[in-house]
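Source file: coords.txt. Holds: compact mmCIF, C-alpha atoms.
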```
# COMPACT_ATOMS: atom_id res chain seq x y z
CA MET A 478 270.09 42.09 -250.32
CA THR A 479 272.41 39.65 -252.03
CA GLY A 480 272.40 35.89 -252.18
CA PHE A 481 275.53 35.54 -250.00
CA PRO A 482 274.50 33.96 -246.70
CA LEU A 483 276.14 34.94 -243.45
CA PRO A 484 277.67 31.94 -241.69
CA ILE A 485 275.45 32.26 -238.61
CA VAL A 486 272.13 32.32 -240.47
CA ASP A 487 270.61 28.99 -241.42
CA ASN A 488 269.64 28.40 -245.02
CA GLY A 489 267.26 25.63 -244.02
CA ALA A 490 269.72 22.77 -244.57
CA ASP A 491 270.10 20.24 -241.79
CA ASP A 492 273.89 20.33 -241.64
CA VAL A 493 274.48 20.22 -237.87
CA PRO A 494 276.37 17.24 -236.48
CA ALA A 495 274.03 14.81 -234.72
CA VAL A 496 276.27 14.09 -231.72
CA GLU A 497 278.27 16.48 -229.59
CA ALA A 498 279.18 16.03 -225.95
CA PRO A 499 276.78 17.87 -223.65
CA ILE A 500 278.07 20.77 -221.60
CA VAL A 501 277.99 19.63 -217.99
CA ASN A 502 276.44 22.29 -215.82
CA ASP A 503 276.73 22.98 -212.09
CA GLY A 504 274.41 20.21 -210.91
CA PHE A 505 271.43 22.47 -210.20
CA PHE A 506 270.88 23.76 -213.71
CA PRO A 507 270.50 21.18 -216.50
CA ASP A 508 273.31 20.17 -218.82
CA VAL A 509 273.17 21.78 -222.26
CA ASP A 510 273.21 19.90 -225.56
CA PRO A 511 275.12 21.88 -228.25
CA ALA A 512 273.50 19.91 -231.08
CA LEU A 513 270.02 20.69 -229.74
CA PHE A 514 271.02 24.37 -229.50
CA ALA A 515 272.23 24.31 -233.12
CA ARG A 516 269.00 22.71 -234.34
CA GLU A 517 266.59 24.84 -232.31
CA MET A 518 268.37 28.12 -232.97
CA ARG A 519 269.18 27.28 -236.61
CA VAL A 520 272.94 27.67 -236.30
CA ARG A 521 274.72 26.58 -239.45
CA GLU A 522 277.62 24.16 -239.67
CA ALA A 523 279.90 27.07 -240.65
CA VAL A 524 279.92 27.88 -236.94
CA THR A 525 282.49 25.45 -235.62
CA PRO A 526 281.60 23.17 -232.71
CA GLU A 527 284.28 24.95 -230.65
CA ARG A 528 282.72 28.38 -231.24
CA ARG A 529 279.25 27.02 -230.56
CA ARG A 530 280.47 25.41 -227.33
CA ARG A 531 282.28 28.60 -226.21
CA ALA A 532 279.16 30.72 -226.86
CA LEU A 533 277.05 28.25 -224.87
CA ILE A 534 279.50 28.19 -221.95
CA ASP A 535 279.56 32.00 -221.89
CA ALA A 536 275.75 32.04 -221.96
CA ILE A 537 275.51 29.45 -219.17
CA ILE A 538 277.78 31.64 -217.03
CA THR A 539 275.81 34.82 -217.86
CA VAL A 540 272.43 33.27 -217.12
CA GLY A 541 273.80 31.44 -214.07
CA ASN A 542 275.08 34.74 -212.64
CA GLN A 543 271.65 36.32 -213.13
CA LEU A 544 269.98 33.40 -211.34
CA ALA A 545 272.59 32.77 -208.60
CA ALA A 546 270.65 34.24 -205.66
CA TRP A 547 267.43 32.57 -206.83
CA ARG A 548 269.24 29.22 -207.19
CA ASP A 549 270.62 29.56 -203.65
CA ARG A 550 267.10 30.13 -202.29
CA GLN A 551 265.86 27.04 -204.13
CA LEU A 552 268.70 24.93 -202.73
CA LEU A 553 267.83 26.10 -199.21
CA ALA A 554 264.23 25.08 -199.90
CA THR A 555 265.51 21.53 -200.65
CA SER A 556 265.25 21.61 -204.44
CA ALA A 557 268.38 19.79 -205.59
CA THR A 558 267.93 20.65 -209.27
CA LEU A 559 265.97 23.11 -211.38
CA ALA A 560 263.70 20.26 -212.45
CA ASP A 561 262.87 19.65 -208.74
CA VAL A 562 261.55 23.21 -208.25
CA PRO A 563 257.73 22.99 -208.32
CA SER A 564 256.52 24.19 -211.71
CA PRO A 565 253.93 23.12 -214.26
CA ALA A 566 255.17 20.88 -217.06
CA VAL A 567 255.07 21.94 -220.69
CA ASP A 568 255.50 19.19 -223.27
CA GLY A 569 256.53 16.80 -220.50
CA GLU A 570 259.29 19.04 -219.13
CA SER A 571 259.36 21.55 -216.28
CA ARG A 572 258.40 25.05 -217.38
CA LEU A 573 261.47 26.35 -215.53
CA VAL A 574 263.79 24.00 -217.41
CA GLN A 575 262.23 25.14 -220.69
CA LEU A 576 262.75 28.78 -219.71
CA TYR A 577 266.35 28.10 -218.69
CA HIS A 578 267.11 26.61 -222.10
CA THR A 579 265.44 29.60 -223.79
CA ALA A 580 267.59 31.99 -221.76
CA VAL A 581 270.84 30.14 -222.48
CA PHE A 582 270.11 29.44 -226.15
CA SER A 583 269.03 33.02 -226.88
CA GLU A 584 272.06 34.50 -225.12
CA ALA A 585 274.42 32.10 -226.93
CA LYS A 586 272.90 32.86 -230.34
CA ALA A 587 273.22 36.61 -229.68
CA LYS A 588 276.91 36.09 -228.84
CA LEU A 589 277.47 34.11 -232.04
CA VAL A 590 275.76 36.71 -234.21
CA GLU A 591 277.86 39.46 -232.59
CA ARG A 592 281.09 37.55 -233.15
CA TYR A 593 280.38 37.01 -236.83
CA ARG A 594 279.73 40.74 -237.31
CA ASP A 595 283.40 41.60 -236.86
CA ALA A 596 284.52 39.42 -239.77
CA ASP A 597 286.13 41.08 -242.78
CA ILE A 598 283.16 41.38 -245.15
CA THR A 599 282.22 42.97 -248.46
CA ARG A 600 279.75 45.87 -248.80
CA ALA A 601 276.95 43.39 -249.53
CA GLY A 602 277.90 41.42 -246.44
CA LYS A 603 277.97 44.64 -244.40
CA ASP A 604 274.37 45.31 -245.42
CA GLN A 605 273.38 41.82 -244.26
CA VAL A 606 275.19 42.27 -240.95
CA GLU A 607 273.40 45.57 -240.34
CA ASP A 608 270.12 43.71 -240.89
CA LEU A 609 271.08 41.43 -237.97
CA ASP A 610 271.29 44.28 -235.42
CA PRO A 611 267.61 43.99 -234.45
CA SER A 612 267.90 40.22 -234.09
CA ILE A 613 270.74 40.58 -231.58
CA GLY A 614 268.55 42.82 -229.45
CA GLU A 615 265.60 40.48 -229.84
CA LEU A 616 267.68 37.48 -228.81
CA ARG A 617 268.96 39.32 -225.73
CA ARG A 618 265.39 40.39 -224.92
CA ASP A 619 264.22 36.76 -225.14
CA SER A 620 267.00 35.73 -222.76
CA VAL A 621 266.14 38.49 -220.29
CA TYR A 622 262.42 37.64 -220.47
CA ALA A 623 263.12 33.96 -219.78
CA VAL A 624 265.31 34.83 -216.77
CA ARG A 625 262.67 37.23 -215.44
CA ASP A 626 259.99 34.55 -215.89
CA ILE A 627 262.10 32.11 -213.86
CA LEU A 628 262.55 34.76 -211.17
CA GLY A 629 258.82 35.46 -211.19
CA VAL A 630 259.24 39.20 -211.80
CA GLY A 631 257.68 41.44 -214.45
CA ARG A 632 259.12 42.08 -217.87
CA VAL A 633 258.74 45.86 -218.00
CA ALA A 634 261.92 47.86 -218.22
CA VAL A 635 261.84 51.66 -218.30
CA GLU A 636 264.70 53.69 -219.69
CA LEU A 637 265.24 57.39 -219.36
CA ILE A 638 266.31 59.08 -222.54
```
For this file, write the structure as structure tokens.
Amino acid sequence: MTGFPLPIVDNGADDVPAVEAPIVNDGFFPDVDPALFAREMRVREAVTPERRRRALIDAIITVGNQLAAWRDRQLLATSATLADVPSPAVDGESRLVQLYHTAVFSEAKAKLVERYRDADITRAGKDQVEDLDPSIGELRRDSVYAVRDILGVGRVAVELI
């Protein structure tokens, strides 16, 4: 492994802008803060705010599509927002809201890592990109697990080979 960092992987520096406009969601699901995403998921400044925002919007749509029927049932049960759905609080915030952010943030980070893989890179960079393959799968798994936890269904998936 070389000392050349990939742009998506954080080197530990706190170089993310402090203020970015939140992404306004559909009213049921919470708005998403791109700066919080960048800090929590350790996205470096080399990822432009526009790319970060696009990845988050794509992730919001993906997760929203997976939860659409569930959301509709909650709205019929008079829960106006995800935070209104009865759920225990964790660290002062609804467990469901926490899981929603996990799903969106993990999906967005997976999208960013995938997009940076197709850059023109050297052999050393190619080796680093290949090392990221498991993390893309792990990020997608985390997103799927969070969605399944919101839905209240198990996490086991069986695949035929």
Problem - Nearest candidate to A:Trp547 (options A:Thr579, A:Leu559, A:Glu517, A:Gly631; using all atoms listed in the file) - result: A:Leu559
Fill in the blank from the handout: note - atom CA of A:Tyr593 and atom CA of A:Asp503 are separated by 28.7 Å
Handout entry: Between atom CA of A:Pro511 and atom CA of A:Gly614, distance in Å (one decimal)
Key =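 Rounded to one decimal, the two atoms are 22.0 Å apart.
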Handout entry: Close residues, A:Asp561 itself excluded, 12 Å, all atoms listed in the file, min 5 positions apart in chain, as JSON, numbers by chain
Key = {"A": [504, 505, 506, 507, 548, 551, 552, 554, 555, 556, 566, 570, 571, 572, 573, 574]}
Exercise for the section: Report the distance between atom CA of A:Ala585 and atom CA of A:Ala536 in Å, rounded to one decimal place. Expected result: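 One can read the atom CA of A:Ala585 to atom CA of A:Ala536 distance as 5.1 Å.
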Exercise for the section: Write out as a count of residues only each polymer residue whose atoms come within 8 Å of A:Val540, counting only C-alpha atoms; drop sequence neighbours fewer than 3 positions from it. Expected result: 7
Exercise for the section: Extract, using all atoms listed in the file, all DNA, RNA and protein residues at most 10 Å from A:Asp619, discarding same-chain residues fewer than 2 positions from it, and format them as a ChimeraX atom specification. Expected result: /A:576,579-584,613-617,621-625
Handout entry: Top pick for closest residue to A:Phe514, considering A:Val501, A:Asp626, A:His578, A:Val562 and counting all atoms listed in the file
Key =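 The shortest atom-to-atom distance to A:Phe514 comes from A:His578.
Between A:Arg592 and the residues A:Arg529, A:Asn502, A:Asp510, A:Arg521, the shortest atom-to-atom distance, using all atoms listed in the file, involves A:Arg529.
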The centre and edge lengths of an axis-aligned box containing all atoms of stretch 503-516 of chain A present in the file, extended by 4 Å on each side, are to be given in Å to one decimal, as JSON.
```
{"center_x": 272.9, "center_y": 22.1, "center_z": -222.3, "size_x": 15.7, "size_y": 12.5, "size_z": 32.1}
```
Would you output stretch 503-617 of chain A from that structure, restricted to C-alpha atoms, as a PDB file, in the first residue's frame?
```pdb
ATOM      1  CA  ASP A 503     -40.529  14.994   1.805  1.00  0.00           C
ATOM      2  CA  GLY A 504     -41.981  16.166   5.116  1.00  0.00           C
ATOM      3  CA  PHE A 505     -42.317  12.701   6.646  1.00  0.00           C
ATOM      4  CA  PHE A 506     -38.659  11.759   6.655  1.00  0.00           C
ATOM      5  CA  PRO A 507     -36.212  14.181   8.301  1.00  0.00           C
ATOM      6  CA  ASP A 508     -34.115  16.684   6.388  1.00  0.00           C
ATOM      7  CA  VAL A 509     -30.499  15.647   5.868  1.00  0.00           C
ATOM      8  CA  ASP A 510     -27.471  17.714   6.834  1.00  0.00           C
ATOM      9  CA  PRO A 511     -24.607  17.233   4.311  1.00  0.00           C
ATOM     10  CA  ALA A 512     -21.997  18.542   6.768  1.00  0.00           C
ATOM     11  CA  LEU A 513     -23.133  16.049   9.421  1.00  0.00           C
ATOM     12  CA  PHE A 514     -22.924  13.281   6.803  1.00  0.00           C
ATOM     13  CA  ALA A 515     -19.383  14.354   5.890  1.00  0.00           C
ATOM     14  CA  ARG A 516     -18.283  14.386   9.531  1.00  0.00           C
ATOM     15  CA  GLU A 517     -19.960  11.139  10.580  1.00  0.00           C
ATOM     16  CA  MET A 518     -18.937   9.194   7.486  1.00  0.00           C
ATOM     17  CA  ARG A 519     -15.459  10.765   7.300  1.00  0.00           C
ATOM     18  CA  VAL A 520     -15.824  12.168   3.788  1.00  0.00           C
ATOM     19  CA  ARG A 521     -12.888  14.352   2.851  1.00  0.00           C
ATOM     20  CA  GLU A 522     -13.061  17.857   1.444  1.00  0.00           C
ATOM     21  CA  ALA A 523     -11.782  16.524  -1.908  1.00  0.00           C
ATOM     22  CA  VAL A 524     -15.359  15.352  -2.442  1.00  0.00           C
ATOM     23  CA  THR A 525     -17.054  18.513  -3.602  1.00  0.00           C
ATOM     24  CA  PRO A 526     -20.199  19.726  -1.850  1.00  0.00           C
ATOM     25  CA  GLU A 527     -22.092  19.176  -5.121  1.00  0.00           C
ATOM     26  CA  ARG A 528     -21.028  15.519  -5.346  1.00  0.00           C
ATOM     27  CA  ARG A 529     -21.771  14.989  -1.666  1.00  0.00           C
ATOM     28  CA  ARG A 530     -25.217  16.554  -2.101  1.00  0.00           C
ATOM     29  CA  ARG A 531     -25.975  14.480  -5.234  1.00  0.00           C
ATOM     30  CA  ALA A 532     -24.969  11.249  -3.465  1.00  0.00           C
ATOM     31  CA  LEU A 533     -27.197  12.154  -0.508  1.00  0.00           C
ATOM     32  CA  ILE A 534     -30.165  12.994  -2.740  1.00  0.00           C
ATOM     33  CA  ASP A 535     -29.741   9.690  -4.592  1.00  0.00           C
ATOM     34  CA  ALA A 536     -29.563   7.868  -1.256  1.00  0.00           C
ATOM     35  CA  ILE A 537     -32.650   9.665   0.080  1.00  0.00           C
ATOM     36  CA  ILE A 538     -34.551   8.552  -3.021  1.00  0.00           C
ATOM     37  CA  THR A 539     -33.269   4.959  -2.760  1.00  0.00           C
ATOM     38  CA  VAL A 540     -34.107   4.621   0.929  1.00  0.00           C
ATOM     39  CA  GLY A 541     -37.405   6.476   0.466  1.00  0.00           C
ATOM     40  CA  ASN A 542     -38.431   4.020  -2.262  1.00  0.00           C
ATOM     41  CA  GLN A 543     -37.653   1.090   0.030  1.00  0.00           C
ATOM     42  CA  LEU A 544     -39.748   2.619   2.816  1.00  0.00           C
ATOM     43  CA  ALA A 545     -42.617   4.055   0.722  1.00  0.00           C
ATOM     44  CA  ALA A 546     -45.292   1.494   1.632  1.00  0.00           C
ATOM     45  CA  TRP A 547     -44.252   1.574   5.299  1.00  0.00           C
ATOM     46  CA  ARG A 548     -44.378   5.396   5.293  1.00  0.00           C
ATOM     47  CA  ASP A 549     -47.881   5.312   3.793  1.00  0.00           C
ATOM     48  CA  ARG A 550     -49.061   2.978   6.577  1.00  0.00           C
ATOM     49  CA  GLN A 551     -47.592   5.325   9.193  1.00  0.00           C
ATOM     50  CA  LEU A 552     -49.326   8.329   7.634  1.00  0.00           C
ATOM     51  CA  LEU A 553     -52.641   6.454   7.728  1.00  0.00           C
ATOM     52  CA  ALA A 554     -51.985   5.730  11.406  1.00  0.00           C
ATOM     53  CA  THR A 555     -51.737   9.525  11.977  1.00  0.00           C
ATOM     54  CA  SER A 556     -47.956   9.814  12.301  1.00  0.00           C
ATOM     55  CA  ALA A 557     -47.144  13.022  10.445  1.00  0.00           C
ATOM     56  CA  THR A 558     -43.374  12.520  10.556  1.00  0.00           C
ATOM     57  CA  LEU A 559     -40.909   9.716  11.198  1.00  0.00           C
ATOM     58  CA  ALA A 560     -40.147  11.273  14.584  1.00  0.00           C
ATOM     59  CA  ASP A 561     -43.875  10.942  15.471  1.00  0.00           C
ATOM     60  CA  VAL A 562     -43.872   7.155  14.942  1.00  0.00           C
ATOM     61  CA  PRO A 563     -43.722   5.550  18.414  1.00  0.00           C
ATOM     62  CA  SER A 564     -40.178   4.363  19.033  1.00  0.00           C
ATOM     63  CA  PRO A 565     -37.712   4.388  21.906  1.00  0.00           C
ATOM     64  CA  ALA A 566     -35.255   7.283  21.971  1.00  0.00           C
ATOM     65  CA  VAL A 567     -31.513   6.775  21.689  1.00  0.00           C
ATOM     66  CA  ASP A 568     -29.325   9.699  22.703  1.00  0.00           C
ATOM     67  CA  GLY A 569     -32.405  11.925  22.817  1.00  0.00           C
ATOM     68  CA  GLU A 570     -33.552  11.096  19.281  1.00  0.00           C
ATOM     69  CA  SER A 571     -36.060   8.576  17.939  1.00  0.00           C
ATOM     70  CA  ARG A 572     -34.491   5.205  17.172  1.00  0.00           C
ATOM     71  CA  LEU A 573     -36.253   5.285  13.792  1.00  0.00           C
ATOM     72  CA  VAL A 574     -34.759   8.675  12.918  1.00  0.00           C
ATOM     73  CA  GLN A 575     -31.310   7.355  13.872  1.00  0.00           C
ATOM     74  CA  LEU A 576     -31.832   4.296  11.661  1.00  0.00           C
ATOM     75  CA  TYR A 577     -33.037   6.460   8.777  1.00  0.00           C
ATOM     76  CA  HIS A 578     -29.867   8.544   8.928  1.00  0.00           C
ATOM     77  CA  THR A 579     -27.764   5.363   9.053  1.00  0.00           C
ATOM     78  CA  ALA A 580     -29.526   4.035   5.955  1.00  0.00           C
ATOM     79  CA  VAL A 581     -29.149   7.272   3.988  1.00  0.00           C
ATOM     80  CA  PHE A 582     -25.577   8.007   5.097  1.00  0.00           C
ATOM     81  CA  SER A 583     -24.368   4.458   4.384  1.00  0.00           C
ATOM     82  CA  GLU A 584     -26.003   4.381   0.951  1.00  0.00           C
ATOM     83  CA  ALA A 585     -24.588   7.812   0.067  1.00  0.00           C
ATOM     84  CA  LYS A 586     -21.067   6.864   1.168  1.00  0.00           C
ATOM     85  CA  ALA A 587     -21.252   3.657  -0.906  1.00  0.00           C
ATOM     86  CA  LYS A 588     -22.257   5.745  -3.936  1.00  0.00           C
ATOM     87  CA  LEU A 589     -19.352   8.143  -3.391  1.00  0.00           C
ATOM     88  CA  VAL A 590     -16.820   5.338  -3.033  1.00  0.00           C
ATOM     89  CA  GLU A 591     -18.132   3.723  -6.228  1.00  0.00           C
ATOM     90  CA  ARG A 592     -17.911   6.989  -8.154  1.00  0.00           C
ATOM     91  CA  TYR A 593     -14.313   7.584  -7.147  1.00  0.00           C
ATOM     92  CA  ARG A 594     -13.341   4.088  -8.318  1.00  0.00           C
ATOM     93  CA  ASP A 595     -13.784   5.008 -11.970  1.00  0.00           C
ATOM     94  CA  ALA A 596     -11.208   7.811 -11.830  1.00  0.00           C
ATOM     95  CA  ASP A 597      -8.058   7.494 -13.928  1.00  0.00           C
ATOM     96  CA  ILE A 598      -5.585   6.134 -11.368  1.00  0.00           C
ATOM     97  CA  THR A 599      -2.080   4.716 -11.164  1.00  0.00           C
ATOM     98  CA  ARG A 600      -1.294   1.073 -10.348  1.00  0.00           C
ATOM     99  CA  ALA A 601      -0.813   2.000  -6.682  1.00  0.00           C
ATOM    100  CA  GLY A 602      -4.153   3.781  -6.704  1.00  0.00           C
ATOM    101  CA  LYS A 603      -5.772   0.747  -8.351  1.00  0.00           C
ATOM    102  CA  ASP A 604      -4.568  -1.410  -5.460  1.00  0.00           C
ATOM    103  CA  GLN A 605      -6.139   1.027  -2.983  1.00  0.00           C
ATOM    104  CA  VAL A 606      -9.415   1.065  -4.905  1.00  0.00           C
ATOM    105  CA  GLU A 607      -9.539  -2.730  -4.905  1.00  0.00           C
ATOM    106  CA  ASP A 608      -9.138  -2.592  -1.118  1.00  0.00           C
ATOM    107  CA  LEU A 609     -12.356  -0.515  -0.994  1.00  0.00           C
ATOM    108  CA  ASP A 610     -14.523  -3.225  -2.609  1.00  0.00           C
ATOM    109  CA  PRO A 611     -15.422  -4.831   0.731  1.00  0.00           C
ATOM    110  CA  SER A 612     -16.266  -1.451   2.243  1.00  0.00           C
ATOM    111  CA  ILE A 613     -18.790  -0.732  -0.521  1.00  0.00           C
ATOM    112  CA  GLY A 614     -20.554  -3.995   0.278  1.00  0.00           C
ATOM    113  CA  GLU A 615     -20.378  -3.295   4.000  1.00  0.00           C
ATOM    114  CA  LEU A 616     -21.845   0.179   3.542  1.00  0.00           C
ATOM    115  CA  ARG A 617     -24.700  -1.211   1.440  1.00  0.00           C
TER     116      ARG A 617
END
```
